[in-house]
Every structure is written in C-alpha cells, then in structure tokens.
>>> print(open('work-v3.pdb').read())   # PDB, C-alpha atoms, pLDDT in the B column
ATOM      1  CA  MET A 201    -132.381 -41.448 -41.275  1.00 54.00           C
ATOM      2  CA  ASP A 202    -129.369 -43.665 -40.504  1.00 73.00           C
ATOM      3  CA  LEU A 203    -130.613 -47.176 -39.712  1.00 71.00           C
ATOM      4  CA  THR A 204    -127.146 -48.324 -38.580  1.00 72.00           C
ATOM      5  CA  THR A 205    -126.819 -45.517 -36.028  1.00 79.00           C
ATOM      6  CA  GLN A 206    -130.316 -46.278 -34.734  1.00 78.00           C
ATOM      7  CA  GLY A 207    -129.408 -49.955 -34.249  1.00 72.00           C
ATOM      8  CA  TYR A 208    -131.628 -51.441 -36.966  1.00 70.00           C
ATOM      9  CA  LEU A 209    -128.765 -52.561 -39.205  1.00 68.00           C
ATOM     10  CA  ALA A 210    -125.361 -53.977 -38.373  1.00 69.00           C
ATOM     11  CA  ASN A 211    -122.269 -51.876 -38.895  1.00 72.00           C
ATOM     12  CA  VAL A 212    -120.568 -53.511 -41.885  1.00 74.00           C
ATOM     13  CA  GLN A 213    -116.935 -53.623 -42.860  1.00 81.00           C
ATOM     14  CA  CYS A 214    -116.067 -54.848 -46.358  1.00 85.00           C
ATOM     15  CA  VAL A 215    -112.667 -56.098 -47.438  1.00 88.00           C
ATOM     16  CA  GLU A 216    -111.936 -56.940 -51.038  1.00 89.00           C
ATOM     17  CA  VAL A 217    -109.332 -59.655 -51.620  1.00 90.00           C
ATOM     18  CA  TRP A 218    -107.907 -59.907 -55.112  1.00 91.00           C
ATOM     19  CA  THR A 219    -106.527 -63.279 -56.152  1.00 91.00           C
ATOM     20  CA  PRO A 220    -104.509 -63.446 -59.358  1.00 93.00           C
ATOM     21  CA  MET A 221    -105.443 -66.190 -61.791  1.00 93.00           C
ATOM     22  CA  THR A 222    -103.025 -69.049 -62.222  1.00 92.00           C
ATOM     23  CA  ALA A 223    -101.213 -68.952 -65.583  1.00 95.00           C
ATOM     24  CA  PRO A 224    -103.221 -71.784 -67.189  1.00 94.00           C
ATOM     25  CA  PHE A 225    -106.525 -70.224 -66.116  1.00 92.00           C
ATOM     26  CA  MET A 226    -105.451 -66.781 -67.327  1.00 94.00           C
ATOM     27  CA  ARG A 227    -104.399 -68.179 -70.703  1.00 95.00           C
ATOM     28  CA  GLU A 228    -107.785 -69.877 -71.156  1.00 94.00           C
ATOM     29  CA  TYR A 229    -109.598 -66.778 -69.892  1.00 94.00           C
ATOM     30  CA  LEU A 230    -107.861 -64.522 -72.411  1.00 95.00           C
ATOM     31  CA  MET A 231    -108.576 -66.933 -75.271  1.00 95.00           C
ATOM     32  CA  ALA A 232    -112.224 -67.576 -74.343  1.00 94.00           C
ATOM     33  CA  ASP A 233    -114.879 -65.890 -76.451  1.00 93.00           C
ATOM     34  CA  ASN A 234    -117.769 -67.173 -74.354  1.00 92.00           C
ATOM     35  CA  ALA A 235    -118.851 -65.056 -71.354  1.00 93.00           C
ATOM     36  CA  ARG A 236    -120.051 -68.151 -69.445  1.00 90.00           C
ATOM     37  CA  LEU A 237    -116.671 -69.849 -69.843  1.00 91.00           C
ATOM     38  CA  LYS A 238    -114.892 -66.705 -68.672  1.00 93.00           C
ATOM     39  CA  GLN A 239    -117.153 -66.577 -65.618  1.00 90.00           C
ATOM     40  CA  LEU A 240    -116.399 -70.214 -64.758  1.00 89.00           C
ATOM     41  CA  LEU A 241    -112.678 -69.619 -65.132  1.00 90.00           C
ATOM     42  CA  TYR A 242    -112.560 -66.672 -62.768  1.00 87.00           C
ATOM     43  CA  VAL A 243    -114.885 -68.295 -60.229  1.00 89.00           C
ATOM     44  CA  MET A 244    -113.015 -71.604 -60.286  1.00 90.00           C
ATOM     45  CA  ASN A 245    -109.566 -69.998 -60.146  1.00 92.00           C
ATOM     46  CA  PRO A 246    -107.484 -72.259 -57.841  1.00 93.00           C
ATOM     47  CA  ALA A 247    -105.975 -69.203 -56.130  1.00 94.00           C
ATOM     48  CA  LYS A 248    -109.499 -68.022 -55.246  1.00 93.00           C
ATOM     49  CA  LEU A 249    -110.330 -71.393 -53.721  1.00 93.00           C
ATOM     50  CA  ARG A 250    -107.127 -71.305 -51.643  1.00 94.00           C
ATOM     51  CA  ALA A 251    -107.904 -67.757 -50.477  1.00 95.00           C
ATOM     52  CA  THR A 252    -111.443 -68.809 -49.552  1.00 95.00           C
ATOM     53  CA  GLU A 253    -110.116 -71.765 -47.578  1.00 96.00           C
ATOM     54  CA  PHE A 254    -107.579 -69.559 -45.767  1.00 96.00           C
ATOM     55  CA  LEU A 255    -110.206 -66.942 -44.878  1.00 96.00           C
ATOM     56  CA  MET A 256    -112.686 -69.597 -43.753  1.00 97.00           C
ATOM     57  CA  ARG A 257    -110.150 -71.257 -41.435  1.00 97.00           C
ATOM     58  CA  PHE A 258    -108.914 -67.897 -40.108  1.00 96.00           C
ATOM     59  CA  HIS A 259    -112.428 -66.797 -39.208  1.00 96.00           C
ATOM     60  CA  GLU A 260    -113.460 -70.194 -37.828  1.00 97.00           C
ATOM     61  CA  GLU A 261    -110.470 -70.084 -35.468  1.00 96.00           C
ATOM     62  CA  ARG A 262    -111.672 -66.666 -34.262  1.00 96.00           C
ATOM     63  CA  GLY A 263    -115.100 -68.147 -33.513  1.00 95.00           C
ATOM     64  CA  ASP A 264    -116.889 -66.370 -36.368  1.00 94.00           C
ATOM     65  CA  LYS A 265    -119.892 -67.742 -38.243  1.00 94.00           C
ATOM     66  CA  ILE A 266    -119.224 -67.717 -41.985  1.00 95.00           C
ATOM     67  CA  ILE A 267    -121.302 -67.894 -45.138  1.00 93.00           C
ATOM     68  CA  VAL A 268    -119.527 -68.819 -48.353  1.00 95.00           C
ATOM     69  CA  PHE A 269    -121.788 -67.421 -51.041  1.00 92.00           C
ATOM     70  CA  SER A 270    -121.912 -68.124 -54.777  1.00 91.00           C
ATOM     71  CA  ASP A 271    -124.434 -67.339 -57.498  1.00 87.00           C
ATOM     72  CA  LEU A 272    -123.177 -70.289 -59.524  1.00 89.00           C
ATOM     73  CA  VAL A 273    -124.430 -73.619 -58.204  1.00 91.00           C
ATOM     74  CA  TYR A 274    -121.673 -75.488 -60.069  1.00 91.00           C
ATOM     75  CA  SER A 275    -118.945 -73.605 -58.213  1.00 91.00           C
ATOM     76  CA  LEU A 276    -120.877 -73.731 -54.936  1.00 93.00           C
ATOM     77  CA  LYS A 277    -120.989 -77.528 -55.107  1.00 95.00           C
ATOM     78  CA  LEU A 278    -117.264 -77.730 -55.793  1.00 94.00           C
ATOM     79  CA  TYR A 279    -116.356 -75.256 -53.046  1.00 95.00           C
ATOM     80  CA  ALA A 280    -118.585 -77.043 -50.515  1.00 97.00           C
ATOM     81  CA  ALA A 281    -117.024 -80.393 -51.403  1.00 96.00           C
ATOM     82  CA  MET A 282    -113.462 -79.105 -51.269  1.00 95.00           C
ATOM     83  CA  LEU A 283    -114.032 -77.164 -48.042  1.00 96.00           C
ATOM     84  CA  LYS A 284    -115.972 -80.101 -46.572  1.00 97.00           C
ATOM     85  CA  ARG A 285    -118.857 -77.853 -45.507  1.00 97.00           C
ATOM     86  CA  PRO A 286    -122.600 -78.281 -46.058  1.00 97.00           C
ATOM     87  CA  MET A 287    -124.375 -76.297 -48.737  1.00 96.00           C
ATOM     88  CA  ILE A 288    -127.832 -74.953 -49.331  1.00 94.00           C
ATOM     89  CA  TYR A 289    -129.120 -74.253 -52.807  1.00 93.00           C
ATOM     90  CA  GLY A 290    -132.413 -74.454 -54.678  1.00 90.00           C
ATOM     91  CA  GLU A 291    -132.611 -78.257 -54.739  1.00 93.00           C
ATOM     92  CA  THR A 292    -131.781 -78.726 -51.055  1.00 92.00           C
ATOM     93  CA  SER A 293    -134.765 -80.334 -49.359  1.00 93.00           C
ATOM     94  CA  GLU A 294    -136.570 -78.337 -46.690  1.00 91.00           C
ATOM     95  CA  ARG A 295    -135.679 -80.976 -44.095  1.00 95.00           C
ATOM     96  CA  GLU A 296    -131.963 -80.844 -44.919  1.00 95.00           C
ATOM     97  CA  ARG A 297    -132.042 -77.041 -45.121  1.00 92.00           C
ATOM     98  CA  GLN A 298    -133.592 -76.766 -41.644  1.00 93.00           C
ATOM     99  CA  ALA A 299    -131.086 -79.267 -40.231  1.00 96.00           C
ATOM    100  CA  ILE A 300    -128.102 -77.324 -41.614  1.00 95.00           C
ATOM    101  CA  LEU A 301    -129.468 -73.959 -40.521  1.00 93.00           C
ATOM    102  CA  GLY A 302    -130.421 -75.257 -37.079  1.00 94.00           C
ATOM    103  CA  THR A 303    -126.923 -76.601 -36.465  1.00 96.00           C
ATOM    104  CA  PHE A 304    -125.339 -73.407 -37.812  1.00 94.00           C
ATOM    105  CA  ARG A 305    -127.512 -71.229 -35.573  1.00 92.00           C
ATOM    106  CA  THR A 306    -127.112 -73.185 -32.346  1.00 94.00           C
ATOM    107  CA  SER A 307    -123.826 -75.074 -32.428  1.00 94.00           C
ATOM    108  CA  ASP A 308    -120.143 -74.256 -32.589  1.00 93.00           C
ATOM    109  CA  ALA A 309    -119.686 -77.563 -34.412  1.00 94.00           C
ATOM    110  CA  LEU A 310    -120.723 -75.861 -37.663  1.00 96.00           C
ATOM    111  CA  ARG A 311    -119.161 -72.464 -38.250  1.00 96.00           C
ATOM    112  CA  THR A 312    -119.312 -72.302 -42.065  1.00 97.00           C
ATOM    113  CA  ILE A 313    -122.048 -73.019 -44.576  1.00 96.00           C
ATOM    114  CA  CYS A 314    -122.101 -72.574 -48.332  1.00 96.00           C
ATOM    115  CA  ILE A 315    -125.188 -70.902 -49.771  1.00 94.00           C
ATOM    116  CA  SER A 316    -126.373 -70.066 -53.276  1.00 91.00           C
ATOM    117  CA  LYS A 317    -128.525 -67.113 -54.220  1.00 81.00           C
ATOM    118  CA  VAL A 318    -131.464 -68.697 -52.333  1.00 73.00           C
ATOM    119  CA  GLY A 319    -129.841 -67.055 -49.317  1.00 67.00           C
ATOM    120  CA  ASP A 320    -130.436 -63.612 -50.807  1.00 62.00           C
ATOM    121  CA  THR A 321    -134.157 -63.651 -50.201  1.00 62.00           C
ATOM    122  CA  SER A 322    -135.280 -66.539 -48.091  1.00 63.00           C
ATOM    123  CA  ILE A 323    -132.815 -67.122 -45.274  1.00 72.00           C
ATOM    124  CA  ASP A 324    -132.337 -64.952 -42.200  1.00 76.00           C
ATOM    125  CA  LEU A 325    -129.025 -65.656 -40.458  1.00 79.00           C
ATOM    126  CA  PRO A 326    -128.175 -62.966 -37.938  1.00 80.00           C
ATOM    127  CA  GLU A 327    -125.640 -65.395 -36.426  1.00 84.00           C
ATOM    128  CA  ALA A 328    -123.416 -65.024 -39.485  1.00 88.00           C
ATOM    129  CA  ASN A 329    -120.871 -62.265 -39.151  1.00 89.00           C
ATOM    130  CA  VAL A 330    -118.601 -63.048 -42.132  1.00 92.00           C
ATOM    131  CA  ILE A 331    -119.522 -63.506 -45.769  1.00 90.00           C
ATOM    132  CA  ILE A 332    -117.086 -64.743 -48.380  1.00 93.00           C
ATOM    133  CA  GLN A 333    -118.356 -64.279 -51.905  1.00 87.00           C
TER
END
>>> encode(input="work-v3.pdb", output="structure tokens")
Amino acid sequence: MDLTTQGYLANVQCVEVWTPMTAPFMREYLMADNARLKQLLYVMNPAKLRATEFLMRFHEERGDKIIVFSDLVYSLKLYAAMLKRPMIYGETSERERQAILGTFRTSDALRTICISKVGDTSIDLPEANVIIQ
C-alpha cells in the first residue's frame, strides 16, 4: 500500500547540503574528547549558519513556507536570533505558540519559523513545504 500514490502523504524530495567546517571549528572538533562539545561545534559551524540563511532566503523569495528545525535548543535560539525569525520550543508559552503558528499558517508576512523537537509530535503544519535541519 503506497500512501503517497493514494494521496495520503506528500511526495517528498530530500536534498542534503554539506557545509565544510571553518578551520578554527575543525581544529577544536578534532581536539575535542567530549561528544557534546563535538555536537555543538558541528551544529554551530558558521558555514552551516550561512547555508541555512541562504536556503531560507532563497525559499522565502519563491513563496515557500519554511521550518528551520533543531534538536538542540541552544543552537535553535542562536539561529532564530541571527535569522531574525520566531522560534517555538518547550518553554514557549501556549499563547505565543498559537500566535506564531497562526501567523505562519495564514500570512505571507511570516514565511519561516524555527522549531525544536516539540514540532516532531505536537505541531501539524501542512502549510510548510521546506524543512531545513
């Protein structure tokens, strides 16, 4: 049973974008003996942030609705601040969450939102057609 063919699921296209680490980040990454530090270094890689910003702007100009997704709240907060886009994570109040989602769903004024792993299970956004992780 193919749920995509029957119209129950969207047809998905995935593109993987590799961003090399900057030299200082790579040096620290190679020297780190802590898995958490290594994770922060590859998530916070400045080249990854620039690629995310480029992709976000490219898709916004096309009229797409974009979710920037991160499991790490620390990086999500930084990305949201640097991209100047609202974010939703575990501590976001229900009122603020509904305001962000309502604007995202109904207005072209907000084309990108940043979401943590709370979006995995509790948020339904069929309007979104691009995810940047």
>>> residues_around(input="work-v3.pdb", residues="region 329-331 of chain A", least_positions_apart="4", cutoff="12 Å", atoms="only C-alpha atoms", output="count of residues only")
31
>>> atom_distance(input="work-v3.pdb", atom1="CA of Ala251 (chain A)", atom2="CA of Met226 (chain A)")
17.1 Å
>>> resolve_selection(input="work-v3.pdb", expression="the PyMOL selection byres ((chain A and resi 297) around 12)", output="VMD selection string")
chain A and resid 286 to 296 298 to 304 313 to 315 318 to 319 322 to 323
>>> closest_residue(input="work-v3.pdb", among="A:Ser316, A:Glu261, A:Arg236, A:Glu228", to="Leu276 (chain A)", atoms="only C-alpha atoms")
A:Ser316
>>> resolve_selection(input="work-v3.pdb", expression="the PyMOL selection byres ((chain A and resi 242) around 10)", output="PDB file with C-alpha atoms, in the coordinates of the input")
ATOM      1  CA  THR A 219    -106.527 -63.279 -56.152  1.00 91.00           C
ATOM      2  CA  PRO A 220    -104.509 -63.446 -59.358  1.00 93.00           C
ATOM      3  CA  MET A 221    -105.443 -66.190 -61.791  1.00 93.00           C
ATOM      4  CA  THR A 222    -103.025 -69.049 -62.222  1.00 92.00           C
ATOM      5  CA  PHE A 225    -106.525 -70.224 -66.116  1.00 92.00           C
ATOM      6  CA  MET A 226    -105.451 -66.781 -67.327  1.00 94.00           C
ATOM      7  CA  TYR A 229    -109.598 -66.778 -69.892  1.00 94.00           C
ATOM      8  CA  LEU A 237    -116.671 -69.849 -69.843  1.00 91.00           C
ATOM      9  CA  LYS A 238    -114.892 -66.705 -68.672  1.00 93.00           C
ATOM     10  CA  GLN A 239    -117.153 -66.577 -65.618  1.00 90.00           C
ATOM     11  CA  LEU A 240    -116.399 -70.214 -64.758  1.00 89.00           C
ATOM     12  CA  LEU A 241    -112.678 -69.619 -65.132  1.00 90.00           C
ATOM     13  CA  VAL A 243    -114.885 -68.295 -60.229  1.00 89.00           C
ATOM     14  CA  MET A 244    -113.015 -71.604 -60.286  1.00 90.00           C
ATOM     15  CA  ASN A 245    -109.566 -69.998 -60.146  1.00 92.00           C
ATOM     16  CA  PRO A 246    -107.484 -72.259 -57.841  1.00 93.00           C
ATOM     17  CA  ALA A 247    -105.975 -69.203 -56.130  1.00 94.00           C
ATOM     18  CA  LYS A 248    -109.499 -68.022 -55.246  1.00 93.00           C
TER      19      LYS A 248
END
